[in-house]
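The block underneath contains the structure these notes are about, expressed in structure tokens.
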Amino acid sequence: VYFAKRGREEGAGNIDWAQAHAGALRMARRRLQAELANTLEVMRQPLHVAAKRGRFDAARAWRAVALGDARVFEAVEQEHRAAFDVMLLLDASASREAQQPQVAAEAEMMAAVLGALSIPVQVWSYASADGVTVLTALKPPGDAQTDGVYGYHARGWNRDGLALRAAGALLAGRGKHVVLMLTDAHPGDDMGLVREGVPLEKAYMGDAAVEDAAQAAAELRQRGIRLVGLVESVFPGEETDGAAHRIFGDHFVRVRNVASLAKKAGRVIAEELAK
């Protein structure tokens with residue numbers, strides 16, 4: 001696995017698509033932000049802090065005499081920062097090429113909404129070629145700008161299991177994490193499966209690839225990382241639903257366009273955050 005960073009200048013075609021669909025994106029952004037804002041309003045509890053004015057706290061009175069600390073009152077402040085962070089993980093395999101501009105615009109819209117709600121968010125894409133899986137940072141942690149997400153480029157294969165395990169390594173720190181995986185739920189690679197460093201004859205395709213991705217997803221959940229699949233696919237519906245259910249369980253939704261993403265993703269993200 002390699003980690004890389006893509007420049008903002010590489011997404012000109014994606015930006016053109018976003019500009020052509022600006023109206024739909026604005027409406028989707030408003031809907032998603034309203035959905036999540038309502039959930040966060042309930043989740044964020046007031047903080048009780050020491051202050052120089054507010055309700056007198058008798059237990060702190062001694063500090064005024066002994067320490068000259070005038071903060072002997074209790075004030076209530078609203079918590080502005082979320083108690084969790086979000087990773088958007090974008091399947092960038094060649095099967096997503098026809099949807100590339102739309103996926104880029106959807107991911108940028110989601111990243112912008114999450115950031116506006118003071119939810120820490122990072123965006124990565126992944127693809128495989130010649131036996132190497134590369135995770136590309138489109139919006140690194142701590143970067144306030146979201147325009148780098150337009151650098152998303154679909155090409156190569158996709159080893160979803162390896163990408164999920166790499167995402168888990170990136171989320172090794174403390175805290176609550178939510179991974180939103182934008183994928184077509186059809187992992188595949190021309191290189192075979194590998195176990196303990198030994199290549200096997202079994203190809204990374206079909207059931208074998210789905211099972212590997214499902215195992216990686218289960219490993220994340222065992223660590224307390226919440227994983228949600230946002231599945232948008234050009235493959236047959238029944239086949240896609242079956243694969244998505246094996247990988248994500250009940251924690252996925254099928255999306256068709258920007259509007260359905262805002263509607264369905266807003267609901268499922270809110271449900272995950274409220275747990």
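Naming scheme: A, B, ... for chains in displayed order of the structure tokens; residues 1 onward per chain; ligands 1 onward as shown.
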Region 161-245 of chain A residues near region 263-272 of chain A within 9 Å, closest pair each, using only C-alpha atoms, as JSON lines:
```
{"residue": "A:Val178", "atom": "CA", "partner": "A:Glu272", "partner_atom": "CA", "distance": 8.1}
{"residue": "A:Leu180", "atom": "CA", "partner": "A:Ile269", "partner_atom": "CA", "distance": 8.4}
{"residue": "A:Arg226", "atom": "CA", "partner": "A:Glu272", "partner_atom": "CA", "distance": 7.3}
{"residue": "A:Leu227", "atom": "CA", "partner": "A:Glu272", "partner_atom": "CA", "distance": 8.8}
{"residue": "A:Val228", "atom": "CA", "partner": "A:Ile269", "partner_atom": "CA", "distance": 7.8}
{"residue": "A:Leu230", "atom": "CA", "partner": "A:Ala265", "partner_atom": "CA", "distance": 7.1}
```
Shell around Asp184 (chain A) at 10 Å using only C-alpha atoms, local window under 6 positions removed, as a PyMOL selection string: chain A and resi 90-93+95-96+229-235+240-241+243-244+254
DSSP strand (DSSP E or B) residues within region 172-231 of chain A, as number ranges by chain: A: 176-183, 188-195, 198-204, 226-231
Now that the selection is made, can you save its residues with N, CA, C and O atoms as a compact mmCIF listing (two decimals), in the first residue's frame?
```txt
# COMPACT_ATOMS: atom_id res chain seq x y z
N LYS A 176 -13.82 8.56 18.24
CA LYS A 176 -14.84 7.84 17.46
C LYS A 176 -14.68 8.19 15.99
O LYS A 176 -14.48 9.34 15.63
N HIS A 177 -14.76 7.16 15.15
CA HIS A 177 -14.54 7.35 13.72
C HIS A 177 -15.72 6.79 12.92
O HIS A 177 -16.25 5.73 13.25
N VAL A 178 -16.07 7.50 11.87
CA VAL A 178 -17.09 7.05 10.93
C VAL A 178 -16.47 7.04 9.54
O VAL A 178 -15.89 8.04 9.11
N VAL A 179 -16.56 5.91 8.84
CA VAL A 179 -16.05 5.79 7.47
C VAL A 179 -17.24 5.69 6.52
O VAL A 179 -18.08 4.79 6.66
N LEU A 180 -17.32 6.63 5.58
CA LEU A 180 -18.35 6.61 4.55
C LEU A 180 -17.67 6.18 3.25
O LEU A 180 -16.83 6.91 2.72
N MET A 181 -18.00 5.01 2.76
CA MET A 181 -17.33 4.44 1.60
C MET A 181 -18.20 4.60 0.37
O MET A 181 -19.29 4.02 0.28
N LEU A 182 -17.76 5.42 -0.59
CA LEU A 182 -18.48 5.61 -1.84
C LEU A 182 -17.93 4.59 -2.83
O LEU A 182 -16.79 4.68 -3.28
N THR A 183 -18.74 3.60 -3.18
CA THR A 183 -18.25 2.45 -3.93
C THR A 183 -19.34 1.86 -4.80
O THR A 183 -20.53 2.17 -4.62
N GLY A 188 -12.30 -5.90 -7.30
CA GLY A 188 -11.65 -6.78 -8.26
C GLY A 188 -10.23 -6.32 -8.56
O GLY A 188 -9.94 -5.13 -8.53
N ASP A 189 -9.35 -7.28 -8.81
CA ASP A 189 -7.96 -6.98 -9.14
C ASP A 189 -7.41 -8.12 -9.99
O ASP A 189 -7.79 -9.28 -9.80
N ASP A 190 -6.52 -7.80 -10.93
CA ASP A 190 -5.94 -8.84 -11.77
C ASP A 190 -4.87 -9.63 -11.04
O ASP A 190 -4.44 -10.68 -11.50
N MET A 191 -4.42 -9.15 -9.88
CA MET A 191 -3.48 -9.90 -9.04
C MET A 191 -4.28 -10.80 -8.11
O MET A 191 -5.34 -10.43 -7.62
N GLY A 192 -3.75 -12.01 -7.83
CA GLY A 192 -4.47 -12.98 -7.01
C GLY A 192 -4.50 -12.60 -5.55
O GLY A 192 -3.86 -11.64 -5.10
N LEU A 193 -5.26 -13.38 -4.77
CA LEU A 193 -5.31 -13.18 -3.33
C LEU A 193 -3.96 -13.51 -2.72
O LEU A 193 -3.22 -14.36 -3.21
N VAL A 194 -3.66 -12.83 -1.62
CA VAL A 194 -2.40 -13.06 -0.92
C VAL A 194 -2.71 -13.38 0.54
O VAL A 194 -3.48 -12.69 1.19
N ARG A 195 -2.10 -14.44 1.03
CA ARG A 195 -2.23 -14.80 2.44
C ARG A 195 -0.83 -15.03 3.00
O ARG A 195 -0.07 -15.85 2.49
N VAL A 198 2.11 -15.04 0.56
CA VAL A 198 2.23 -16.06 -0.48
C VAL A 198 1.10 -15.89 -1.49
O VAL A 198 -0.07 -16.07 -1.14
N PRO A 199 1.39 -15.52 -2.75
CA PRO A 199 0.34 -15.38 -3.75
C PRO A 199 -0.36 -16.71 -4.00
O PRO A 199 0.28 -17.77 -4.07
N LEU A 200 -1.67 -16.69 -4.11
CA LEU A 200 -2.45 -17.89 -4.38
C LEU A 200 -3.01 -17.85 -5.80
O LEU A 200 -3.07 -16.80 -6.43
N GLU A 201 -3.42 -18.99 -6.25
CA GLU A 201 -3.98 -19.08 -7.60
C GLU A 201 -5.34 -18.39 -7.68
O GLU A 201 -5.76 -17.92 -8.72
N LYS A 202 -6.04 -18.32 -6.56
CA LYS A 202 -7.40 -17.78 -6.54
C LYS A 202 -7.39 -16.30 -6.90
O LYS A 202 -6.70 -15.51 -6.28
N ALA A 203 -8.14 -15.94 -7.91
CA ALA A 203 -8.16 -14.55 -8.37
C ALA A 203 -8.92 -13.66 -7.38
O ALA A 203 -9.83 -14.11 -6.68
N TYR A 204 -8.55 -12.37 -7.35
CA TYR A 204 -9.26 -11.41 -6.51
C TYR A 204 -10.43 -10.87 -7.32
O TYR A 204 -10.41 -9.75 -7.81
N ARG A 226 -17.31 2.92 12.76
CA ARG A 226 -18.59 2.77 12.07
C ARG A 226 -18.37 2.89 10.57
O ARG A 226 -17.76 3.85 10.11
N LEU A 227 -18.87 1.94 9.82
CA LEU A 227 -18.68 1.89 8.38
C LEU A 227 -20.03 1.90 7.68
O LEU A 227 -20.90 1.08 7.98
N VAL A 228 -20.19 2.84 6.74
CA VAL A 228 -21.43 2.96 5.97
C VAL A 228 -21.08 2.94 4.49
O VAL A 228 -20.18 3.66 4.04
N GLY A 229 -21.78 2.12 3.72
CA GLY A 229 -21.57 2.07 2.28
C GLY A 229 -22.57 2.96 1.54
O GLY A 229 -23.78 2.84 1.75
N LEU A 230 -22.06 3.86 0.72
CA LEU A 230 -22.89 4.67 -0.17
C LEU A 230 -22.67 4.10 -1.56
O LEU A 230 -21.67 4.41 -2.21
N VAL A 231 -23.58 3.24 -1.98
CA VAL A 231 -23.35 2.39 -3.14
C VAL A 231 -24.03 2.95 -4.38
O VAL A 231 -25.25 3.14 -4.42
```
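Between Leu164 (chain A) and the residues A:Asp212, A:Pro141, A:Pro120, A:Thr146, the shortest atom-to-atom distance, using only C-alpha atoms, involves A:Asp212.
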Long-range neighbours of region 134-138 of chain A as a ChimeraX atom specification, 12 Å cut-off, only C-alpha atoms, 4 positions minimum in chain: /A:1-11,87-93,104,107-108,111,121-130,142-160,162-167,169-170
